[in-house]
>>> print(open('target-v2.cif').read())   # mmCIF, C-alpha atoms
data_input
loop_
_atom_site.label_atom_id
_atom_site.label_comp_id
_atom_site.auth_asym_id
_atom_site.auth_seq_id
_atom_site.Cartn_x
_atom_site.Cartn_y
_atom_site.Cartn_z
CA MET A 7 8.28 -9.49 -13.80
CA ASN A 8 6.74 -11.24 -16.81
CA SER A 9 4.07 -13.90 -16.85
CA PHE A 10 6.58 -16.49 -18.01
CA SER A 11 8.21 -16.61 -14.61
CA GLY A 12 5.21 -18.47 -13.24
CA VAL A 13 3.06 -15.42 -12.40
CA PRO A 14 -0.41 -15.50 -13.99
CA GLU A 15 -1.15 -12.43 -16.13
CA PRO A 16 -4.00 -11.05 -13.97
CA LEU A 17 -1.69 -11.13 -10.95
CA THR A 18 1.11 -9.42 -12.89
CA ARG A 19 -1.35 -6.73 -13.93
CA LEU A 20 -2.49 -6.20 -10.32
CA ILE A 21 1.13 -5.98 -9.14
CA ASN A 22 1.77 -3.36 -11.84
CA GLU A 23 -1.27 -1.30 -10.84
CA LEU A 24 -0.33 -1.47 -7.16
CA SER A 25 3.26 -0.37 -7.83
CA LYS A 26 1.90 2.86 -9.33
CA LEU A 27 0.67 3.90 -5.88
CA PRO A 28 2.87 6.29 -3.89
CA GLY A 29 5.29 4.57 -1.51
CA ILE A 30 4.54 1.11 -2.91
CA GLY A 31 7.61 -0.50 -4.51
CA PRO A 32 7.63 -3.71 -6.55
CA LYS A 33 8.19 -5.89 -3.46
CA SER A 34 5.33 -4.34 -1.48
CA ALA A 35 3.10 -4.51 -4.56
CA GLN A 36 3.82 -8.23 -4.83
CA ARG A 37 3.11 -8.76 -1.14
CA LEU A 38 -0.15 -6.80 -1.37
CA ALA A 39 -1.26 -8.70 -4.50
CA PHE A 40 -0.61 -12.06 -2.83
CA HIS A 41 -2.43 -10.87 0.25
CA LEU A 42 -5.45 -9.93 -1.88
CA LEU A 43 -5.21 -13.28 -3.67
CA ARG A 44 -5.46 -15.11 -0.35
CA SER A 45 -8.14 -12.78 1.07
CA SER A 46 -11.79 -13.73 1.11
CA GLU A 47 -14.11 -12.56 -1.65
CA GLU A 48 -15.82 -10.22 0.88
CA THR A 49 -12.57 -8.54 1.90
CA THR A 50 -11.54 -7.62 -1.64
CA LYS A 51 -15.13 -6.70 -2.51
CA ALA A 52 -15.21 -4.25 0.43
CA LEU A 53 -11.99 -2.64 -0.80
CA VAL A 54 -13.20 -2.37 -4.39
CA ILE A 55 -16.55 -0.88 -3.31
CA ALA A 56 -14.78 1.58 -1.00
CA VAL A 57 -12.66 2.83 -3.92
CA GLU A 58 -15.68 3.07 -6.23
CA ASP A 59 -17.91 4.80 -3.65
CA MET A 60 -15.17 7.28 -2.81
CA LYS A 61 -14.76 8.20 -6.49
CA LYS A 62 -18.53 8.43 -7.00
CA GLN A 63 -19.55 10.18 -3.79
CA VAL A 64 -16.70 12.46 -2.78
CA ASP A 65 -16.66 15.86 -4.45
CA LEU A 66 -15.72 19.42 -3.54
CA CYS A 67 -17.97 21.58 -1.36
CA SER A 68 -19.36 24.42 -3.49
CA ILE A 69 -18.70 26.93 -0.69
CA CYS A 70 -15.30 26.09 0.84
CA PHE A 71 -13.95 23.53 -1.71
CA HIS A 72 -13.11 21.02 0.98
CA ILE A 73 -13.85 17.40 0.03
CA THR A 74 -17.30 16.19 1.01
CA ASP A 75 -19.99 13.64 0.22
CA LYS A 76 -22.78 16.20 0.71
CA ASP A 77 -22.94 19.76 -0.54
CA PRO A 78 -22.48 22.09 1.31
CA CYS A 79 -20.07 20.15 3.51
CA GLN A 80 -20.55 19.38 7.19
CA LEU A 81 -18.16 22.17 8.19
CA CYS A 82 -20.02 24.81 6.15
CA GLN A 83 -23.38 23.57 7.47
CA ASP A 84 -22.31 23.52 11.12
CA GLU A 85 -24.27 26.40 12.71
CA GLU A 86 -22.00 26.37 15.76
CA ARG A 87 -18.93 27.33 13.76
CA ASP A 88 -18.08 31.02 13.54
CA GLU A 89 -19.06 32.27 10.07
CA SER A 90 -17.03 35.45 10.44
CA VAL A 91 -13.61 33.71 10.45
CA LEU A 92 -12.15 31.98 7.39
CA CYS A 93 -9.05 29.80 7.53
CA VAL A 94 -7.40 29.60 4.10
CA VAL A 95 -5.49 26.36 3.40
CA GLU A 96 -3.83 24.79 0.40
CA GLN A 97 -5.53 21.41 0.36
CA ALA A 98 -8.19 19.20 1.93
CA LEU A 99 -5.64 17.30 4.02
CA ASP A 100 -4.75 20.55 5.80
CA VAL A 101 -8.39 20.97 6.91
CA ILE A 102 -8.34 17.46 8.33
CA VAL A 103 -5.06 18.08 10.16
CA LEU A 104 -6.29 21.40 11.61
CA GLU A 105 -9.64 19.86 12.61
CA ARG A 106 -7.80 17.18 14.54
CA THR A 107 -6.36 19.82 16.88
CA GLY A 108 -9.92 20.81 17.84
CA GLN A 109 -8.65 24.39 18.34
CA TYR A 110 -10.35 26.13 15.46
CA ARG A 111 -14.10 26.78 15.39
CA GLY A 112 -14.44 28.99 12.28
CA ARG A 113 -14.95 28.10 8.62
CA TYR A 114 -12.44 27.11 5.92
CA HIS A 115 -11.51 27.95 2.37
CA VAL A 116 -9.45 25.40 0.42
CA LEU A 117 -7.43 26.99 -2.39
CA GLN A 118 -6.80 23.63 -4.11
CA GLY A 119 -3.09 24.30 -4.49
CA VAL A 120 -0.51 27.10 -4.39
CA LEU A 121 0.76 29.61 -6.90
CA ASN A 122 3.68 28.11 -8.76
CA PRO A 123 4.85 30.05 -11.83
CA MET A 124 7.46 27.36 -12.59
CA GLU A 125 4.69 24.82 -13.08
CA GLY A 126 2.36 27.34 -14.71
CA ILE A 127 -0.08 27.48 -11.80
CA GLY A 128 -1.56 30.98 -11.60
CA PRO A 129 -4.34 32.58 -9.51
CA GLU A 130 -6.98 31.46 -12.02
CA ASP A 131 -6.07 27.80 -11.31
CA LEU A 132 -6.83 28.20 -7.60
CA ARG A 133 -10.06 28.99 -5.77
CA ILE A 134 -8.92 32.59 -5.19
CA SER A 135 -11.75 34.42 -6.97
CA GLU A 136 -14.23 32.36 -4.93
CA LEU A 137 -12.40 33.45 -1.75
CA LEU A 138 -12.66 37.10 -2.83
CA GLN A 139 -16.38 36.62 -3.44
CA ARG A 140 -16.89 35.15 0.03
CA VAL A 141 -15.04 38.11 1.57
CA GLN A 142 -16.96 40.65 -0.55
CA SER A 143 -20.33 39.05 0.19
CA GLY A 144 -20.19 40.39 3.68
CA ASN A 145 -19.81 39.24 7.18
CA ILE A 146 -16.22 37.95 7.21
CA GLY A 147 -14.21 39.69 9.94
CA GLU A 148 -10.95 37.75 9.77
CA VAL A 149 -9.08 35.67 7.23
CA ILE A 150 -6.37 33.40 8.69
CA MET A 151 -3.75 32.43 6.10
CA ALA A 152 -2.71 28.85 6.86
CA THR A 153 -0.71 28.01 3.75
CA ASN A 154 2.52 26.10 4.28
CA PRO A 155 5.62 28.05 5.37
CA SER A 156 7.28 27.14 2.04
CA LEU A 157 8.29 29.47 -0.79
CA GLU A 158 5.09 28.75 -2.74
CA GLY A 159 2.88 28.81 0.35
CA GLU A 160 4.31 32.17 1.48
CA SER A 161 3.96 33.83 -1.92
CA THR A 162 0.40 32.53 -2.27
CA ALA A 163 -0.42 33.98 1.16
CA MET A 164 1.11 37.33 0.17
CA TYR A 165 -0.84 37.38 -3.09
CA VAL A 166 -4.11 36.68 -1.27
CA GLN A 167 -3.29 39.24 1.42
CA ARG A 168 -2.74 42.00 -1.18
CA LEU A 169 -5.95 41.02 -2.93
CA LEU A 170 -8.07 41.09 0.23
CA THR A 171 -6.58 44.11 2.02
CA PRO A 172 -8.73 46.69 0.09
CA HIS A 173 -11.84 44.92 1.37
CA GLY A 174 -11.19 45.92 4.97
CA VAL A 175 -10.91 42.43 6.38
CA ARG A 176 -8.42 41.54 9.11
CA ILE A 177 -5.77 39.21 7.69
CA THR A 178 -3.63 37.08 9.99
CA ARG A 179 -1.39 34.09 9.53
CA LEU A 180 -0.37 31.11 11.66
CA ALA A 181 2.49 31.85 14.06
CA ARG A 182 6.04 31.00 13.00
CA GLY A 183 8.46 29.78 15.63
CA LEU A 184 9.99 26.74 17.24
CA PRO A 185 7.98 23.54 16.82
CA SER A 186 7.06 21.73 20.04
CA GLY A 187 9.94 19.49 21.19
CA ALA A 188 12.46 21.26 18.97
CA ASP A 189 16.16 21.37 19.77
CA LEU A 190 17.82 24.77 19.20
CA GLU A 191 20.99 23.02 18.09
CA TYR A 192 19.24 21.43 15.14
CA THR A 193 16.87 24.26 14.23
CA ASP A 194 17.46 26.04 10.92
CA GLU A 195 18.26 29.77 10.87
CA ILE A 196 15.01 30.87 9.24
CA THR A 197 12.95 29.20 11.96
CA LEU A 198 15.21 30.75 14.63
CA ALA A 199 14.85 34.17 13.00
CA HIS A 200 11.05 33.79 13.00
CA ALA A 201 11.17 32.69 16.64
CA PHE A 202 13.11 35.83 17.56
CA GLU A 203 10.85 38.15 15.59
CA GLY A 204 7.71 36.70 17.08
CA ARG A 205 9.02 36.45 20.65
CA GLN A 206 6.41 36.77 23.38
CA THR A 207 6.48 38.15 26.95
CA PHE A 208 7.17 35.35 29.40
CA MET B 20 -10.56 9.05 12.52
CA ASN B 21 -14.27 9.87 12.50
CA SER B 22 -16.20 11.71 9.82
CA PHE B 23 -16.71 14.68 12.14
CA SER B 24 -13.11 15.73 11.77
CA GLY B 25 -13.82 16.91 8.24
CA VAL B 26 -13.28 13.59 6.44
CA PRO B 27 -16.22 12.48 4.27
CA GLU B 28 -17.54 9.02 5.22
CA PRO B 29 -16.65 7.30 1.90
CA LEU B 30 -13.05 8.47 2.33
CA THR B 31 -12.96 7.28 5.96
CA ARG B 32 -14.23 3.90 4.80
CA LEU B 33 -11.56 3.67 2.09
CA ILE B 34 -8.84 4.61 4.61
CA ASN B 35 -10.14 1.86 6.93
CA GLU B 36 -10.12 -0.74 4.16
CA LEU B 37 -6.61 0.25 3.07
CA SER B 38 -5.26 0.06 6.63
CA LYS B 39 -6.29 -3.60 6.74
CA LEU B 40 -3.64 -4.40 4.11
CA PRO B 41 -0.30 -5.77 5.36
CA GLY B 42 2.36 -3.11 5.94
CA ILE B 43 -0.10 -0.23 5.47
CA GLY B 44 -0.50 1.85 8.64
CA PRO B 45 -3.09 4.61 9.17
CA LYS B 46 -0.79 7.31 7.75
CA SER B 47 0.00 5.37 4.56
CA ALA B 48 -3.67 4.46 4.19
CA GLN B 49 -4.57 8.16 4.37
CA ARG B 50 -1.90 9.05 1.82
CA LEU B 51 -3.06 6.27 -0.54
CA ALA B 52 -6.72 7.30 -0.19
CA PHE B 53 -5.92 10.93 -0.99
CA HIS B 54 -3.81 9.79 -3.93
CA LEU B 55 -6.75 7.76 -5.27
CA LEU B 56 -9.06 10.73 -4.69
CA ARG B 57 -6.84 12.91 -6.85
CA SER B 58 -6.22 10.21 -9.48
CA SER B 59 -8.12 10.13 -12.74
CA GLU B 60 -11.18 7.96 -13.13
CA GLU B 61 -9.19 5.69 -15.50
CA THR B 62 -6.40 5.11 -12.99
CA THR B 63 -8.69 3.98 -10.19
CA LYS B 64 -10.81 1.98 -12.66
CA ALA B 65 -7.69 0.10 -13.83
CA LEU B 66 -6.83 -0.76 -10.22
CA VAL B 67 -10.36 -1.89 -9.40
CA ILE B 68 -10.57 -4.05 -12.55
CA ALA B 69 -7.14 -5.54 -11.82
CA VAL B 70 -8.32 -6.62 -8.35
CA GLU B 71 -11.59 -8.02 -9.72
CA ASP B 72 -9.95 -9.87 -12.64
CA MET B 73 -7.33 -11.35 -10.34
CA LYS B 74 -10.02 -12.68 -7.98
CA LYS B 75 -12.11 -13.99 -10.88
CA GLN B 76 -9.39 -15.45 -13.09
CA VAL B 77 -6.62 -16.69 -10.82
CA ASP B 78 -7.10 -20.15 -9.37
CA LEU B 79 -4.97 -23.15 -8.48
CA CYS B 80 -3.59 -25.48 -11.14
CA SER B 81 -5.29 -28.87 -10.79
CA ILE B 82 -1.95 -30.67 -11.26
CA CYS B 83 0.69 -28.73 -9.29
CA PHE B 84 -1.53 -26.31 -7.25
CA HIS B 85 0.48 -23.29 -8.31
CA ILE B 86 -1.61 -20.19 -9.02
CA THR B 87 -2.70 -19.82 -12.64
CA ASP B 88 -5.27 -18.25 -14.93
CA LYS B 89 -5.46 -21.34 -17.13
CA ASP B 90 -5.66 -24.97 -16.06
CA PRO B 91 -3.27 -26.78 -16.25
CA CYS B 92 -0.80 -23.95 -15.64
CA GLN B 93 1.89 -22.79 -18.02
CA LEU B 94 4.57 -24.63 -16.06
CA CYS B 95 2.68 -27.95 -16.19
CA GLN B 96 1.93 -27.47 -19.90
CA ASP B 97 5.51 -26.58 -20.86
CA GLU B 98 6.71 -29.60 -22.87
CA GLU B 99 10.31 -28.52 -22.49
CA ARG B 100 10.29 -28.93 -18.74
CA ASP B 101 11.46 -32.24 -17.32
CA GLU B 102 8.38 -34.19 -16.19
CA SER B 103 10.45 -36.63 -14.17
CA VAL B 104 11.61 -34.10 -11.57
CA LEU B 105 9.24 -32.51 -9.05
CA CYS B 106 10.21 -29.58 -6.84
CA VAL B 107 8.00 -29.47 -3.73
CA VAL B 108 7.45 -26.00 -2.25
CA GLU B 109 5.25 -24.52 0.45
CA GLN B 110 3.54 -21.74 -1.50
CA ALA B 111 3.07 -20.12 -4.90
CA LEU B 112 5.50 -17.31 -4.11
CA ASP B 113 8.28 -19.90 -3.74
CA VAL B 114 7.66 -21.11 -7.32
CA ILE B 115 7.98 -17.53 -8.55
CA VAL B 116 11.20 -16.98 -6.60
CA LEU B 117 12.73 -20.24 -7.88
CA GLU B 118 11.63 -19.51 -11.46
CA ARG B 119 13.40 -16.17 -11.27
CA THR B 120 16.75 -17.95 -10.83
CA GLY B 121 16.18 -19.69 -14.19
CA GLN B 122 18.13 -22.67 -12.82
CA TYR B 123 15.37 -25.24 -12.53
CA ARG B 124 13.74 -26.86 -15.57
CA GLY B 125 11.53 -29.51 -13.92
CA ARG B 126 7.97 -29.37 -12.63
CA TYR B 127 6.58 -28.16 -9.29
CA HIS B 128 4.21 -29.26 -6.57
CA VAL B 129 2.85 -26.58 -4.24
CA LEU B 130 1.81 -27.99 -0.85
CA GLN B 131 -0.23 -24.89 0.02
CA GLY B 132 1.32 -24.61 3.47
CA VAL B 133 3.33 -26.55 6.04
CA LEU B 134 2.46 -29.00 8.78
CA ASN B 135 1.82 -27.06 11.97
CA PRO B 136 0.27 -29.07 14.81
CA MET B 137 0.12 -25.94 17.01
CA GLU B 138 -2.25 -24.33 14.50
CA GLY B 139 -4.03 -27.58 13.77
CA ILE B 140 -2.65 -27.93 10.23
CA GLY B 141 -2.25 -31.62 9.44
CA PRO B 142 -1.33 -33.57 6.27
CA GLU B 143 -4.98 -33.57 5.12
CA ASP B 144 -4.92 -29.75 4.96
CA LEU B 145 -2.02 -29.75 2.50
CA ARG B 146 -1.74 -31.11 -1.05
CA ILE B 147 0.23 -34.14 0.18
CA SER B 148 -2.12 -36.91 -1.03
CA GLU B 149 -2.06 -35.28 -4.49
CA LEU B 150 1.76 -35.37 -4.38
CA LEU B 151 1.69 -39.05 -3.47
CA GLN B 152 -0.69 -39.70 -6.41
CA ARG B 153 1.64 -37.90 -8.81
CA VAL B 154 4.58 -40.00 -7.57
CA GLN B 155 2.57 -43.25 -7.74
CA SER B 156 1.22 -42.51 -11.20
CA GLY B 157 4.57 -43.24 -12.65
CA ASN B 158 7.42 -41.49 -14.28
CA ILE B 159 8.75 -39.29 -11.47
CA GLY B 160 12.44 -40.01 -10.88
CA GLU B 161 13.31 -37.33 -8.33
CA VAL B 162 11.47 -35.22 -5.79
CA ILE B 163 13.35 -32.15 -4.58
CA MET B 164 12.12 -30.91 -1.21
CA ALA B 165 12.31 -27.11 -1.26
CA THR B 166 10.38 -26.25 1.88
CA ASN B 167 11.82 -23.48 4.06
CA PRO B 168 14.67 -24.38 6.42
CA SER B 169 12.38 -23.58 9.38
CA LEU B 170 11.06 -25.96 12.04
CA GLU B 171 7.75 -26.41 10.21
CA GLY B 172 9.36 -26.58 6.78
CA GLU B 173 11.85 -29.23 7.92
CA SER B 174 9.25 -31.43 9.61
CA THR B 175 6.97 -31.17 6.58
CA ALA B 176 9.89 -32.26 4.37
CA MET B 177 10.62 -35.18 6.70
CA TYR B 178 6.97 -36.24 6.71
CA VAL B 179 6.83 -36.17 2.90
CA GLN B 180 10.16 -37.99 2.63
CA ARG B 181 8.93 -40.85 4.85
CA LEU B 182 5.71 -41.04 2.84
CA LEU B 183 7.43 -41.19 -0.54
CA THR B 184 10.42 -43.43 0.30
CA PRO B 185 8.48 -46.73 -0.14
CA HIS B 186 7.65 -45.66 -3.70
CA GLY B 187 11.26 -45.91 -4.83
CA VAL B 188 11.68 -42.30 -5.87
CA ARG B 189 14.91 -40.38 -5.27
CA ILE B 190 14.29 -37.66 -2.67
CA THR B 191 16.69 -34.72 -2.36
CA ARG B 192 16.55 -31.36 -0.69
CA LEU B 193 18.04 -27.92 -1.36
CA ALA B 194 21.60 -27.51 -0.06
CA ARG B 195 22.13 -25.95 3.37
CA GLY B 196 25.16 -23.73 3.91
CA LEU B 197 26.43 -20.19 3.91
CA PRO B 198 24.31 -17.75 1.92
CA SER B 199 26.12 -15.77 -0.77
CA GLY B 200 27.85 -12.73 0.71
CA ALA B 201 27.61 -14.07 4.27
CA ASP B 202 30.05 -13.10 7.01
CA LEU B 203 31.21 -15.99 9.21
CA GLU B 204 31.30 -13.65 12.21
CA TYR B 205 27.57 -13.03 11.99
CA THR B 206 26.43 -16.48 10.88
CA ASP B 207 24.36 -18.54 13.34
CA GLU B 208 25.64 -21.88 14.61
CA ILE B 209 23.05 -24.00 12.86
CA THR B 210 23.97 -22.56 9.47
CA LEU B 211 27.67 -23.05 10.26
CA ALA B 212 27.01 -26.64 11.32
CA HIS B 213 25.16 -27.27 8.02
CA ALA B 214 28.02 -25.65 6.12
CA PHE B 215 30.53 -28.02 7.77
CA GLU B 216 28.38 -31.10 7.23
CA GLY B 217 27.83 -30.32 3.59
CA ARG B 218 31.41 -29.21 2.82
CA GLN B 219 32.56 -29.80 -0.73
CA THR B 220 35.96 -30.57 -2.29
CA PHE B 221 37.67 -27.40 -3.40
#
>>> encode(input="target-v2.cif", output="structure tokens")
Amino acid sequence: MNSFSGVPEPLTRLINELSKLPGIGPKSAQRLAFHLLRSSEETTKALVIAVEDMKKQVDLCSICFHITDKDPCQLCQDEERDESVLCVVEQALDVIVLERTGQYRGRYHVLQGVLNPMEGIGPEDLRISELLQRVQSGNIGEVIMATNPSLEGESTAMYVQRLLTPHGVRITRLARGLPSGADLEYTDEITLAHAFEGRQTF
Amino acid sequence: MNSFSGVPEPLTRLINELSKLPGIGPKSAQRLAFHLLRSSEETTKALVIAVEDMKKQVDLCSICFHITDKDPCQLCQDEERDESVLCVVEQALDVIVLERTGQYRGRYHVLQGVLNPMEGIGPEDLRISELLQRVQSGNIGEVIMATNPSLEGESTAMYVQRLLTPHGVRITRLARGLPSGADLEYTDEITLAHAFEGRQTF
């Protein structure tokens, strides 16, 4: 869309910037831009300030590498959480998702990615040495590997497991099996195989 | 989502602001916020500046009330466009859509809405008196009503038509009929009735 078709340049530029966002196509970008054009000064100001504050204030926790606006983060500072259990995840979003279940009361360690030799991501690009340090520094009894059950997630978990085993810590991983509400008919073979392997007494 | 579930407050605030946008649910807002968190400083800066510039620089043209960053707008300043024909539309987006066809080479008049007694929108809330002034001021030969074929659009067109008729200007409206690619089987009766009424020699 060029500015000759009756769209003022600043609006064209905003539409372009908005279409760079994930899941926002040209039509949605146009609709969003027109919405912002019609919105009150306060509404757009609040959005702009929210983006700026987030960029300024949100950083990684120096202990667990989860995102936070204070260091150490709330989860690392929470005295009621069990310091002896670490849940290792790929990214910040995973912490948020796990926290929403309310089931886990230990601490976290966010790797900031997964090993991916194809994309040149090695152990030194992740927060693996920091995890080793936390385990070496003492009172960790269990490390729960909660990387994704994908190729990269699994190999990252195996790498970490091999690295930590000499340090005498118990290493577990999240259970594999049928997801809640699944239909056997539509379940892939790998999931079914895991479900068989991990079968429990009824 | 509260900040206790491991989401820093500035991120929660950004997610809230983003979910206020049309078509952005809580999940998309979260995805967009995390995308912005991971984006470079330049990327988010460009977006923020685009929003601010748009709010600062885009205003209504004092002649046709289309959106513009210079007054009068490009369309009103374009000497090659026919000054004697005015196309009357409801909103700025309609100008953009019509311009995209490249079929129309006259000028525009954006009403900034439609008459809607249920919502208390009367003629004084729209740019109708300004339209009358443009017609009275002289050399307009034709006014094309291009409001939407909805109840409100039609009654607004009829109101404007009655207002302008005494001033001896030719008043037309966009053709009603079958849209391109339509299927008679699935076409509503009103459209079919319009298509019969407006039938043309083959």
>>> resolve_selection(input="target-v2.cif", expression="the PyMOL selection byres ((chain A) within 9 of (chain B))", output="mmCIF file with C-alpha atoms, in the coordinates of the input")
data_model
loop_
_atom_site.group_PDB
_atom_site.id
_atom_site.type_symbol
_atom_site.label_atom_id
_atom_site.label_comp_id
_atom_site.auth_asym_id
_atom_site.auth_seq_id
_atom_site.Cartn_x
_atom_site.Cartn_y
_atom_site.Cartn_z
ATOM 1 C CA MET A 7 8.280 -9.490 -13.800
ATOM 2 C CA PHE A 10 6.580 -16.490 -18.010
ATOM 3 C CA SER A 11 8.210 -16.610 -14.610
ATOM 4 C CA GLY A 12 5.210 -18.470 -13.240
ATOM 5 C CA VAL A 13 3.060 -15.420 -12.400
ATOM 6 C CA PRO A 14 -0.410 -15.500 -13.990
ATOM 7 C CA GLU A 15 -1.150 -12.430 -16.130
ATOM 8 C CA PRO A 16 -4.000 -11.050 -13.970
ATOM 9 C CA LEU A 17 -1.690 -11.130 -10.950
ATOM 10 C CA ARG A 19 -1.350 -6.730 -13.930
ATOM 11 C CA LEU A 20 -2.490 -6.200 -10.320
ATOM 12 C CA ILE A 21 1.130 -5.980 -9.140
ATOM 13 C CA GLU A 23 -1.270 -1.300 -10.840
ATOM 14 C CA LEU A 24 -0.330 -1.470 -7.160
ATOM 15 C CA LEU A 27 0.670 3.900 -5.880
ATOM 16 C CA PRO A 28 2.870 6.290 -3.890
ATOM 17 C CA GLY A 29 5.290 4.570 -1.510
ATOM 18 C CA SER A 34 5.330 -4.340 -1.480
ATOM 19 C CA ARG A 37 3.110 -8.760 -1.140
ATOM 20 C CA LEU A 38 -0.150 -6.800 -1.370
ATOM 21 C CA ALA A 39 -1.260 -8.700 -4.500
ATOM 22 C CA PHE A 40 -0.610 -12.060 -2.830
ATOM 23 C CA HIS A 41 -2.430 -10.870 0.250
ATOM 24 C CA LEU A 42 -5.450 -9.930 -1.880
ATOM 25 C CA LEU A 43 -5.210 -13.280 -3.670
ATOM 26 C CA GLU A 47 -14.110 -12.560 -1.650
ATOM 27 C CA THR A 49 -12.570 -8.540 1.900
ATOM 28 C CA THR A 50 -11.540 -7.620 -1.640
ATOM 29 C CA LYS A 51 -15.130 -6.700 -2.510
ATOM 30 C CA ALA A 52 -15.210 -4.250 0.430
ATOM 31 C CA LEU A 53 -11.990 -2.640 -0.800
ATOM 32 C CA VAL A 54 -13.200 -2.370 -4.390
ATOM 33 C CA ILE A 55 -16.550 -0.880 -3.310
ATOM 34 C CA ALA A 56 -14.780 1.580 -1.000
ATOM 35 C CA VAL A 57 -12.660 2.830 -3.920
ATOM 36 C CA GLU A 58 -15.680 3.070 -6.230
ATOM 37 C CA ASP A 59 -17.910 4.800 -3.650
ATOM 38 C CA MET A 60 -15.170 7.280 -2.810
ATOM 39 C CA LYS A 61 -14.760 8.200 -6.490
ATOM 40 C CA GLN A 63 -19.550 10.180 -3.790
ATOM 41 C CA VAL A 64 -16.700 12.460 -2.780
ATOM 42 C CA HIS A 72 -13.110 21.020 0.980
ATOM 43 C CA ILE A 73 -13.850 17.400 0.030
ATOM 44 C CA THR A 74 -17.300 16.190 1.010
ATOM 45 C CA ASP A 75 -19.990 13.640 0.220
ATOM 46 C CA LYS A 76 -22.780 16.200 0.710
ATOM 47 C CA CYS A 79 -20.070 20.150 3.510
ATOM 48 C CA GLN A 80 -20.550 19.380 7.190
ATOM 49 C CA LEU A 81 -18.160 22.170 8.190
ATOM 50 C CA ALA A 98 -8.190 19.200 1.930
ATOM 51 C CA LEU A 99 -5.640 17.300 4.020
ATOM 52 C CA VAL A 101 -8.390 20.970 6.910
ATOM 53 C CA ILE A 102 -8.340 17.460 8.330
ATOM 54 C CA VAL A 103 -5.060 18.080 10.160
ATOM 55 C CA LEU A 104 -6.290 21.400 11.610
ATOM 56 C CA GLU A 105 -9.640 19.860 12.610
ATOM 57 C CA ARG A 106 -7.800 17.180 14.540
ATOM 58 C CA GLY A 108 -9.920 20.810 17.840
#
>>> resolve_selection(input="target-v2.cif", expression="the PyMOL selection byres ((chain A and resi 133) around 10)", output="JSON, numbers by chain")
{"A": [70, 71, 96, 115, 116, 117, 118, 119, 120, 129, 130, 131, 132, 134, 135, 136, 137, 138]}
>>> residues_around(input="target-v2.cif", residues="B:Ala176", least_positions_apart="4", cutoff="12 Å", atoms="only C-alpha atoms", output="number ranges by chain")
B: 106-109, 130, 132-134, 142, 147, 162-172, 180-184, 190-193
>>> atom_distance(input="target-v2.cif", atom1="atom CA of A:Arg111", atom2="atom CA of A:Ala188")
27.4 Å
>>> atom_distance(input="target-v2.cif", atom1="atom CA of A:Ile127", atom2="atom CA of A:Ser161")
12.4 Å
>>> axis_aligned_box(input="target-v2.cif", around="stretch 96-109 of chain B", padding_each_side="4 Å", output="JSON")
{"center_x": 6.8, "center_y": -30.6, "center_z": -11.2, "size_x": 17.7, "size_y": 20.1, "size_z": 31.3}
>>> atom_distance(input="target-v2.cif", atom1="atom CA of A:Val141", atom2="atom CA of A:Cys67")
17.0 Å
>>> residues_around(input="target-v2.cif", residues="stretch 213-218 of chain B", least_positions_apart="5", cutoff="8 Å", atoms="only C-alpha atoms", output="PyMOL selection string")
chain B and resi 194-197
>>> residues_near_point(input="target-v2.cif", point="(10.9, -36.2, -13.4)", cutoff="9 Å", atoms="only C-alpha atoms", output="ChimeraX atom specification")
/B:101-105,125-126,158-162
>>> closest_residue(input="target-v2.cif", among="B:Ile82, B:Pro185, B:Pro45, B:Ile209", to="B:Arg153", atoms="only C-alpha atoms")
B:Ile82
